[in-house]
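Undergrad: My questions will all concern the structure given below.
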Amino acid sequence: MPAPRTSASPRRELTAREAEALRALLAARAAAGAPGAPRPAGTRPATRRKRPAQKKKAATRRPAPRTPRERGPWRARLLLVGLATLLVPVLTVLLAPATSAPGSATVAADPASLALAARSTLLQDADAYRRLQAEVTARQAELQAAVEAERTARAAVATEQATVGSAAADLYRASAEIRMPVLGLSAGSPDTTPDVLYRQALADRAAGAREAAVVRAERAEAAARDAAGRVAAAQDAVDAATAQARTVLSGVRDTVDGLGPAVAAQLAGLDTVPAAGAQQERNTAALQRWQTHLAELAAAGIEPPRAAALADPASLPDGFSPALDAAGQAVPGVAWAVVGNRPVTVLPAETVAAVSSALSRLGRPYSAGATGPDAFDCGGLTASAWLLAGYDLPATAAGQWAAAAVVPAAQLQVGDLVVSDGGADVAVSLGEGEVVGASAGTYQVGVRPLPADARAVRVTLPAPATPNAPLPASTSGLGACGAVPAPAGPVSPAWGGWSNGRIPAEALCPVARGHALRCDAAAAYTAMSRAYEAAFGSPLCITDSYRSMAAQVDAFRRKPALAAVPGTSNHGWALAVDLCGGVNVAGTPQWTWMTGNAGRFGFVSPDWARPGGEKPEPWHWEFGSLL
């Protein structure tokens, strides 16, 4: 048992790696504003290469250089996350006696750990922004209700004031005897007394009505003032929530501005899901091409600047020159830099982040109306990718086309939004004639060829003053996000390029605890379960959904008379369910409800599973008519 260390115990000297780790940690703490921490001597690591120098721009047009304060806090936060594992080992080394094992190395922050921290930060900020946008929407609804209430109150004020005004005018024009009929009483004409008193009673009633109208007008005016106060309060709430949302979005842009190409390259490969066959090869090739481009920039010490710095080709940061199209025209929003003896395209930091975020979703499932983080439709993927770059876009292809600046076909660049099928589909351009998008035709996010009817918009350029003209109607016959028309008869259950029972869990959508289906089947099942719950007070009871190959083998071993031969079950395509809770018994109210309603949600009982069929299984239902 080692003796306890005393204050007199000698301490060994740090190794070179340990000293470097400690210096990195102290520098990160200083950048984060840790009290008492020494500030780093320089604003950039000594080994960082400078951007390639070209002809300098005029001094009056040179953008202000970034200061460590502009980018330091976020990078410092990432360094602290990446270096968190350094603190305990380094302090242990500092406090340990000389007998400690030498060479206990610490791991310095690297692009992979920074990418993990960046992803966490971006996702948290994106969630916060979505919550704030939901709050803005709610506050705007409250504001609209308050405006309507004020309008109603003002209308009531106008009505009551008109009533008072009309009565006052009539009273002003009336004679004294009309205003006070009692003045017409005469001792010499006693027979007129009843009429006079009657007219006086009417005059008194009219006076009371005028007074009531005045009171109502005053109350209406007070109600209008209160309504105006509620409008002002509702407007303040909208403004406050909007300001918070803009602050969060600005923070996202600050974060992506500090990523750097090496970290962005790691970010692009963090969350991908394996596809099958040729699709996986295409996905991998596109991802590697993007990462190679970013690695080239990192090796040359080139950091993508903010979008605002590249918007005007005539005023670019030092070291960059205008990118030119095939006709020699300058392309706004991107630039060229020289690496070695050739130009390379430099995209804005926001575009780099958006492309990396889109590629990181490769293989994720397609689900109509989904905006992530686990499933997407085409507009949801592009909106999500650009939200993680600091831009709030509509969640539909048509909305994104209308909201961004149109790009000529000859100036299409990586990161541009490619809209096709008359505004029914959208994807992110990857260059080399390819795009990445969420497809309803393949049920997944993947790389595919550039559509023949592609039109493009660039998010980082100023938005148009008026929405872009609608696109021509599609002639492809495809639906939203490339959905193929529903077939008339039975179809093959195979999809996505996977084999039966070999579908990755990440390519599916959950329907209940421990159960998952293809995402369109999952959405239909969820809707059907809600309708069933409305009828019976509880959701559908499910015992089986997707079966992996291992699960099929196990089921066949245990129930050879019931289970399909492994590799042939429609459960292996994530398109079949087995139900319980009464649905599993023919003739029950639950089974009867399913037979009458399941078709509305796309689920059918195959002929062989129906009562009197080849192998009756009242519990077995499939999504669509399958072979």
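By order of appearance in the structure tokens: chains A, B, ..., then residues from 1 within every chain, and ligands from 1 in the order shown.
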Could you pull out the alpha helix (DSSP H) residues of range 151-338 of chain A, going by DSSP on the backbone, and write them as a PyMOL selection string?

TA: chain A and resi 151-173+176-179+193-257+261-268+277-299+307-310

Undergrad: List as a count of residues only the protein and nucleic acid residues near Val457 in chain A, meaning an atom at most 12 Å away when only C-alpha atoms are counted, but skip any in the same chain fewer than 5 places from it.

TA: 34

Undergrad: Show me, as JSON, numbers by chain, the residues that have an atom within 12 Å of Ala488 in chain A when counting only C-alpha atoms, minus same-chain residues fewer than 3 positions from it.

TA: {"A": [485, 491, 624, 625, 626]}

Undergrad: Any chance you could tabulate, as a Markdown table, the residues of range 349-392 of chain A at most 6 Å from range 250-271 of chain A with each one's nearest atom pair and distance in Å to one decimal, using only C-alpha atoms, in chain and rising number order?

TA:
| residue | atom | partner | partner_atom | distance |
| --- | --- | --- | --- | --- |
| A:Ala349 | CA | A:Asp257 | CA | 5.5 |
| A:Ser356 | CA | A:Ala268 | CA | 4.1 |
| A:Ser357 | CA | A:Ala268 | CA | 5.9 |
| A:Leu359 | CA | A:Ala268 | CA | 5.4 |
| A:Ser360 | CA | A:Ala268 | CA | 4.5 |
| A:Arg361 | CA | A:Asp271 | CA | 6.0 |
| A:Gly390 | CA | A:Arg253 | CA | 4.8 |

Undergrad: Okay, now the selection with all heavy atoms, as an mmCIF file, in the first residue's frame?

TA:
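Result written to result.cif:
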data_model
loop_
_atom_site.group_PDB
_atom_site.id
_atom_site.type_symbol
_atom_site.label_atom_id
_atom_site.label_comp_id
_atom_site.auth_asym_id
_atom_site.auth_seq_id
_atom_site.Cartn_x
_atom_site.Cartn_y
_atom_site.Cartn_z
ATOM 1 N N ALA A 349 -18.783 30.664 -44.246
ATOM 2 C CA ALA A 349 -18.801 29.759 -43.099
ATOM 3 C C ALA A 349 -20.190 29.173 -42.884
ATOM 4 O O ALA A 349 -20.337 28.004 -42.525
ATOM 5 C CB ALA A 349 -18.340 30.504 -41.846
ATOM 6 N N SER A 356 -22.355 20.645 -44.327
ATOM 7 C CA SER A 356 -21.901 19.605 -43.404
ATOM 8 C C SER A 356 -23.069 19.035 -42.608
ATOM 9 O O SER A 356 -23.148 17.816 -42.380
ATOM 10 C CB SER A 356 -20.830 20.165 -42.456
ATOM 11 O OG SER A 356 -19.644 20.471 -43.151
ATOM 12 N N SER A 357 -23.987 19.886 -42.187
ATOM 13 C CA SER A 357 -25.146 19.413 -41.435
ATOM 14 C C SER A 357 -26.038 18.528 -42.303
ATOM 15 O O SER A 357 -26.545 17.503 -41.842
ATOM 16 C CB SER A 357 -25.951 20.602 -40.901
ATOM 17 O OG SER A 357 -25.198 21.339 -39.961
ATOM 18 N N LEU A 359 -25.097 16.714 -44.929
ATOM 19 C CA LEU A 359 -24.411 15.442 -45.167
ATOM 20 C C LEU A 359 -24.402 14.560 -43.922
ATOM 21 O O LEU A 359 -24.404 13.330 -44.024
ATOM 22 C CB LEU A 359 -22.975 15.707 -45.632
ATOM 23 C CG LEU A 359 -22.833 16.229 -47.061
ATOM 24 C CD1 LEU A 359 -21.404 16.666 -47.332
ATOM 25 C CD2 LEU A 359 -23.263 15.167 -48.069
ATOM 26 N N SER A 360 -24.399 15.174 -42.754
ATOM 27 C CA SER A 360 -24.386 14.381 -41.523
ATOM 28 C C SER A 360 -25.683 13.604 -41.340
ATOM 29 O O SER A 360 -25.749 12.717 -40.479
ATOM 30 C CB SER A 360 -24.150 15.286 -40.310
ATOM 31 O OG SER A 360 -25.294 16.058 -40.005
ATOM 32 N N ARG A 361 -26.725 13.914 -42.134
ATOM 33 C CA ARG A 361 -28.007 13.209 -42.035
ATOM 34 C C ARG A 361 -28.151 12.122 -43.095
ATOM 35 O O ARG A 361 -29.239 11.542 -43.238
ATOM 36 C CB ARG A 361 -29.161 14.205 -42.185
ATOM 37 C CG ARG A 361 -29.121 15.346 -41.194
ATOM 38 C CD ARG A 361 -29.026 14.872 -39.773
ATOM 39 N NE ARG A 361 -29.144 15.963 -38.808
ATOM 40 C CZ ARG A 361 -29.009 15.796 -37.506
ATOM 41 N NH1 ARG A 361 -28.726 14.607 -37.021
ATOM 42 N NH2 ARG A 361 -29.131 16.821 -36.682
ATOM 43 N N GLY A 390 -27.649 29.193 -39.017
ATOM 44 C CA GLY A 390 -28.060 30.526 -38.596
ATOM 45 C C GLY A 390 -29.094 31.192 -39.474
ATOM 46 O O GLY A 390 -29.293 32.406 -39.381
#

Undergrad: Ranking A:Thr382, A:Ala224, A:Gly587, A:Asp195 by minimum distance to Thr152 in chain A and counting only C-alpha atoms, which one comes first?

TA: A:Ala224

Undergrad: Ranking A:Trp619, A:Thr242, A:Pro589, A:Pro566 by minimum distance to Ser545 in chain A and counting only C-alpha atoms, which one comes first?

TA: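 Of all the options, A:Trp619 lies closest to Ser545 in chain A.
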
Undergrad: Contacts of Ala507 in chain A at 10 Å or less, counting only C-alpha atoms, minus same-chain residues fewer than 6 places along, as a PDB file with N, CA, C and O atoms, in the first residue's frame?

TA:
ATOM      1  N   VAL A 273     -26.087   7.421 -41.371  1.00  0.00           N
ATOM      2  CA  VAL A 273     -26.618   6.065 -41.221  1.00  0.00           C
ATOM      3  C   VAL A 273     -26.276   5.294 -42.488  1.00  0.00           C
ATOM      4  O   VAL A 273     -26.454   5.815 -43.593  1.00  0.00           O
ATOM      5  N   PRO A 274     -25.785   4.066 -42.361  1.00  0.00           N
ATOM      6  CA  PRO A 274     -25.428   3.311 -43.570  1.00  0.00           C
ATOM      7  C   PRO A 274     -26.632   3.104 -44.479  1.00  0.00           C
ATOM      8  O   PRO A 274     -27.735   2.783 -44.016  1.00  0.00           O
ATOM      9  N   ALA A 275     -26.426   3.302 -45.770  1.00  0.00           N
ATOM     10  CA  ALA A 275     -27.440   2.967 -46.770  1.00  0.00           C
ATOM     11  C   ALA A 275     -27.068   1.601 -47.348  1.00  0.00           C
ATOM     12  O   ALA A 275     -26.272   0.864 -46.768  1.00  0.00           O
ATOM     13  N   GLY A 363     -28.642   8.858 -44.939  1.00  0.00           N
ATOM     14  CA  GLY A 363     -29.197   7.593 -44.488  1.00  0.00           C
ATOM     15  C   GLY A 363     -30.355   7.725 -43.530  1.00  0.00           C
ATOM     16  O   GLY A 363     -31.038   6.736 -43.247  1.00  0.00           O
ATOM     17  N   ARG A 364     -30.603   8.930 -43.000  1.00  0.00           N
ATOM     18  CA  ARG A 364     -31.727   9.115 -42.081  1.00  0.00           C
ATOM     19  C   ARG A 364     -33.043   8.910 -42.839  1.00  0.00           C
ATOM     20  O   ARG A 364     -33.122   9.163 -44.045  1.00  0.00           O
ATOM     21  N   PRO A 365     -34.083   8.494 -42.152  1.00  0.00           N
ATOM     22  CA  PRO A 365     -35.331   8.162 -42.850  1.00  0.00           C
ATOM     23  C   PRO A 365     -36.106   9.385 -43.310  1.00  0.00           C
ATOM     24  O   PRO A 365     -36.051  10.447 -42.692  1.00  0.00           O
ATOM     25  N   TYR A 366     -36.857   9.171 -44.398  1.00  0.00           N
ATOM     26  CA  TYR A 366     -37.791  10.177 -44.893  1.00  0.00           C
ATOM     27  C   TYR A 366     -39.121  10.022 -44.162  1.00  0.00           C
ATOM     28  O   TYR A 366     -39.635   8.918 -43.997  1.00  0.00           O
ATOM     29  N   ASP A 374     -34.329  13.235 -36.264  1.00  0.00           N
ATOM     30  CA  ASP A 374     -34.107  11.846 -36.661  1.00  0.00           C
ATOM     31  C   ASP A 374     -34.729  11.490 -38.003  1.00  0.00           C
ATOM     32  O   ASP A 374     -34.305  10.530 -38.635  1.00  0.00           O
ATOM     33  N   ALA A 375     -35.733  12.216 -38.449  1.00  0.00           N
ATOM     34  CA  ALA A 375     -36.383  11.965 -39.730  1.00  0.00           C
ATOM     35  C   ALA A 375     -36.709  13.298 -40.386  1.00  0.00           C
ATOM     36  O   ALA A 375     -36.881  14.315 -39.698  1.00  0.00           O
ATOM     37  N   TYR A 443     -37.206   6.759 -49.461  1.00  0.00           N
ATOM     38  CA  TYR A 443     -37.502   6.741 -48.028  1.00  0.00           C
ATOM     39  C   TYR A 443     -36.280   7.058 -47.168  1.00  0.00           C
ATOM     40  O   TYR A 443     -36.177   6.621 -46.037  1.00  0.00           O
ATOM     41  N   GLN A 444     -35.374   7.861 -47.687  1.00  0.00           N
ATOM     42  CA  GLN A 444     -34.186   8.174 -46.905  1.00  0.00           C
ATOM     43  C   GLN A 444     -33.510   9.430 -47.443  1.00  0.00           C
ATOM     44  O   GLN A 444     -33.806   9.905 -48.541  1.00  0.00           O
ATOM     45  N   VAL A 445     -32.595   9.963 -46.630  1.00  0.00           N
ATOM     46  CA  VAL A 445     -31.745  11.066 -47.068  1.00  0.00           C
ATOM     47  C   VAL A 445     -30.571  10.466 -47.827  1.00  0.00           C
ATOM     48  O   VAL A 445     -29.906   9.548 -47.332  1.00  0.00           O
ATOM     49  N   GLY A 496     -35.533   0.814 -50.157  1.00  0.00           N
ATOM     50  CA  GLY A 496     -34.303   1.365 -49.603  1.00  0.00           C
ATOM     51  C   GLY A 496     -33.033   0.666 -50.007  1.00  0.00           C
ATOM     52  O   GLY A 496     -31.949   1.101 -49.640  1.00  0.00           O
ATOM     53  N   ALA A 516     -40.912  -0.393 -34.312  1.00  0.00           N
ATOM     54  CA  ALA A 516     -40.625   0.604 -35.337  1.00  0.00           C
ATOM     55  C   ALA A 516     -41.079   0.079 -36.689  1.00  0.00           C
ATOM     56  O   ALA A 516     -41.167  -1.138 -36.920  1.00  0.00           O
ATOM     57  N   LEU A 517     -41.370   1.019 -37.601  1.00  0.00           N
ATOM     58  CA  LEU A 517     -41.781   0.702 -38.960  1.00  0.00           C
ATOM     59  C   LEU A 517     -41.106   1.673 -39.921  1.00  0.00           C
ATOM     60  O   LEU A 517     -40.492   2.660 -39.503  1.00  0.00           O
ATOM     61  N   ARG A 518     -41.242   1.401 -41.219  1.00  0.00           N
ATOM     62  CA  ARG A 518     -40.840   2.419 -42.193  1.00  0.00           C
ATOM     63  C   ARG A 518     -41.629   3.681 -41.875  1.00  0.00           C
ATOM     64  O   ARG A 518     -42.785   3.603 -41.452  1.00  0.00           O
ATOM     65  N   CYS A 519     -41.037   4.833 -42.096  1.00  0.00           N
ATOM     66  CA  CYS A 519     -41.614   6.053 -41.535  1.00  0.00           C
ATOM     67  C   CYS A 519     -43.005   6.367 -42.040  1.00  0.00           C
ATOM     68  O   CYS A 519     -43.843   6.875 -41.281  1.00  0.00           O
TER      69      CYS A 519
END

Undergrad: Compare A:Ala126, A:Val214, A:Ala308, A:Ala245 by their minimum atom-to-atom distance to Thr371 in chain A, counting only C-alpha atoms, and give me the closest one.

TA: A:Ala126

Undergrad: Which residues are close to Trp495 in chain A, i.e. within 10 Å by only C-alpha atoms, leaving aside same-chain residues fewer than 5 positions away? Reply as a PyMOL selection string.

TA: chain A and resi 441-443+500+503+518+573-574

Undergrad: Write the selection just made, keeping N, CA, C and O atoms, as a short mmCIF file (atom, residue, chain, number, x, y, z; two decimals), in the first residue's frame?

TA:
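Wrote it out as part.cif, contents follow:
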data_model
loop_
_atom_site.label_atom_id
_atom_site.label_comp_id
_atom_site.auth_asym_id
_atom_site.auth_seq_id
_atom_site.Cartn_x
_atom_site.Cartn_y
_atom_site.Cartn_z
N GLY A 441 -39.14 8.89 -52.53
CA GLY A 441 -39.03 7.75 -53.45
C GLY A 441 -38.14 6.65 -52.90
O GLY A 441 -38.36 5.47 -53.17
N THR A 442 -37.12 7.04 -52.12
CA THR A 442 -36.20 6.05 -51.55
C THR A 442 -36.36 5.91 -50.04
O THR A 442 -35.71 5.08 -49.43
N TYR A 443 -37.21 6.76 -49.46
CA TYR A 443 -37.50 6.74 -48.03
C TYR A 443 -36.28 7.06 -47.17
O TYR A 443 -36.18 6.62 -46.04
N ASN A 500 -34.17 -8.12 -46.71
CA ASN A 500 -35.15 -8.40 -45.66
C ASN A 500 -34.45 -8.66 -44.33
O ASN A 500 -33.53 -9.47 -44.23
N ILE A 503 -32.43 -3.97 -42.26
CA ILE A 503 -32.64 -2.52 -42.27
C ILE A 503 -32.08 -1.93 -40.98
O ILE A 503 -32.42 -2.41 -39.89
N ARG A 518 -41.24 1.40 -41.22
CA ARG A 518 -40.84 2.42 -42.19
C ARG A 518 -41.63 3.68 -41.88
O ARG A 518 -42.78 3.60 -41.45
N TRP A 573 -39.48 -6.23 -43.63
CA TRP A 573 -39.46 -5.00 -44.41
C TRP A 573 -40.00 -3.82 -43.60
O TRP A 573 -40.14 -2.73 -44.13
N ALA A 574 -40.31 -4.04 -42.35
CA ALA A 574 -40.85 -3.00 -41.46
C ALA A 574 -42.17 -2.45 -41.99
O ALA A 574 -42.45 -1.26 -41.88
#

Undergrad: How would you write, as a ChimeraX atom specification, the set of residues in range 363-550 of chain A that DSSP gives as strand (DSSP E)?

TA: /A:405-407,417-420,425-431,434-439,444-449,455-458,509-512,515-517,541-544

Undergrad: Using only C-alpha atoms, find the one residue out of A:Val344, A:Ala353, A:Ala465, A:Ala286 that sits nearest to Leu387 in chain A.

TA: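 For Leu387 in chain A, the nearest of the candidates is A:Ala353.
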
Undergrad: Using only C-alpha atoms, which of A:Ala410, A:His515, A:Arg448, A:Glu296 sits nearest Asp325 in chain A?

TA: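 Using only C-alpha atoms, the shortest distance to Asp325 in chain A belongs to A:Ala410.
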
Undergrad: With only C-alpha atoms as the counted atoms, please give the residues lying no more than 12 Å from Gln244 in chain A, apart from itself and same-chain residues fewer than 3 positions off, as a short mmCIF file (atom, residue, chain, number, x, y, z; two decimals) with N, CA, C and O atoms, in the first residue's frame.

TA:
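Result file result-v8.cif:
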data_model
loop_
_atom_site.label_atom_id
_atom_site.label_comp_id
_atom_site.auth_asym_id
_atom_site.auth_seq_id
_atom_site.Cartn_x
_atom_site.Cartn_y
_atom_site.Cartn_z
N ASP A 125 -29.03 25.25 -29.60
CA ASP A 125 -29.47 26.57 -30.05
C ASP A 125 -30.64 26.46 -31.03
O ASP A 125 -31.57 27.28 -31.01
N ALA A 128 -33.69 25.79 -29.04
CA ALA A 128 -34.11 27.02 -28.37
C ALA A 128 -34.78 27.97 -29.36
O ALA A 128 -35.80 28.60 -29.04
N TYR A 129 -34.25 28.06 -30.56
CA TYR A 129 -34.84 28.95 -31.56
C TYR A 129 -36.24 28.47 -31.95
O TYR A 129 -37.16 29.28 -32.08
N ARG A 130 -36.39 27.15 -32.13
CA ARG A 130 -37.72 26.65 -32.48
C ARG A 130 -38.73 26.93 -31.37
O ARG A 130 -39.89 27.26 -31.65
N ARG A 131 -38.29 26.77 -30.12
CA ARG A 131 -39.20 27.09 -29.01
C ARG A 131 -39.58 28.56 -29.02
O ARG A 131 -40.75 28.92 -28.81
N LEU A 132 -38.60 29.41 -29.28
CA LEU A 132 -38.89 30.84 -29.32
C LEU A 132 -39.80 31.19 -30.49
O LEU A 132 -40.68 32.05 -30.38
N GLN A 133 -39.59 30.52 -31.63
CA GLN A 133 -40.46 30.77 -32.76
C GLN A 133 -41.89 30.33 -32.46
O GLN A 133 -42.85 31.00 -32.87
N GLU A 135 -43.15 30.39 -29.51
CA GLU A 135 -43.65 31.44 -28.61
C GLU A 135 -44.04 32.68 -29.40
O GLU A 135 -45.06 33.32 -29.11
N VAL A 136 -43.23 33.04 -30.39
CA VAL A 136 -43.57 34.19 -31.23
C VAL A 136 -44.92 33.96 -31.91
O VAL A 136 -45.78 34.86 -31.96
N ALA A 237 -44.79 41.69 -26.09
CA ALA A 237 -44.45 40.28 -25.94
C ALA A 237 -43.93 39.69 -27.24
O ALA A 237 -42.96 38.92 -27.25
N VAL A 238 -44.57 40.06 -28.36
CA VAL A 238 -44.09 39.60 -29.67
C VAL A 238 -42.68 40.12 -29.93
O VAL A 238 -41.78 39.37 -30.36
N ASP A 239 -42.47 41.40 -29.67
CA ASP A 239 -41.16 42.00 -29.91
C ASP A 239 -40.09 41.36 -29.04
O ASP A 239 -38.96 41.11 -29.50
N ALA A 240 -40.43 41.07 -27.77
CA ALA A 240 -39.45 40.47 -26.87
C ALA A 240 -39.09 39.07 -27.33
O ALA A 240 -37.90 38.70 -27.37
N ALA A 241 -40.09 38.26 -27.69
CA ALA A 241 -39.81 36.90 -28.15
C ALA A 241 -39.04 36.92 -29.47
O ALA A 241 -38.13 36.11 -29.68
N THR A 247 -31.52 36.82 -31.29
CA THR A 247 -30.28 36.67 -30.55
C THR A 247 -29.75 35.25 -30.64
O THR A 247 -28.55 35.02 -30.83
N VAL A 248 -30.66 34.28 -30.49
CA VAL A 248 -30.24 32.88 -30.60
C VAL A 248 -29.71 32.60 -32.00
O VAL A 248 -28.67 31.94 -32.17
N LEU A 249 -30.40 33.08 -33.03
CA LEU A 249 -29.97 32.85 -34.40
C LEU A 249 -28.62 33.50 -34.66
O LEU A 249 -27.76 32.94 -35.34
N SER A 250 -28.41 34.69 -34.10
CA SER A 250 -27.11 35.34 -34.22
C SER A 250 -26.03 34.52 -33.54
O SER A 250 -24.90 34.41 -34.04
N GLY A 251 -26.38 33.92 -32.39
CA GLY A 251 -25.42 33.07 -31.71
C GLY A 251 -25.05 31.85 -32.53
O GLY A 251 -23.89 31.40 -32.51
#

Undergrad: Identify which of the residues A:Ala307, A:Met594, A:Ala118, A:Ala383 lies closest to Leu347 in chain A, counting only C-alpha atoms when measuring atom-to-atom distances.

TA: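 Comparing A:Ala307, A:Met594, A:Ala118, A:Ala383 against Leu347 in chain A, the winner is A:Ala307.
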
Undergrad: Would you compute the distance between CA of Arg199 in chain A and CA of Ala212 in chain A? Give it in Å to one decimal.

TA: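 Between these atoms lies a distance of 19.8 Å.
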
Undergrad: Rounded to one decimal, what separation in Å do you get between CA of Gln140 in chain A and CA of Ala222 in chain A?

TA: 24.0 Å
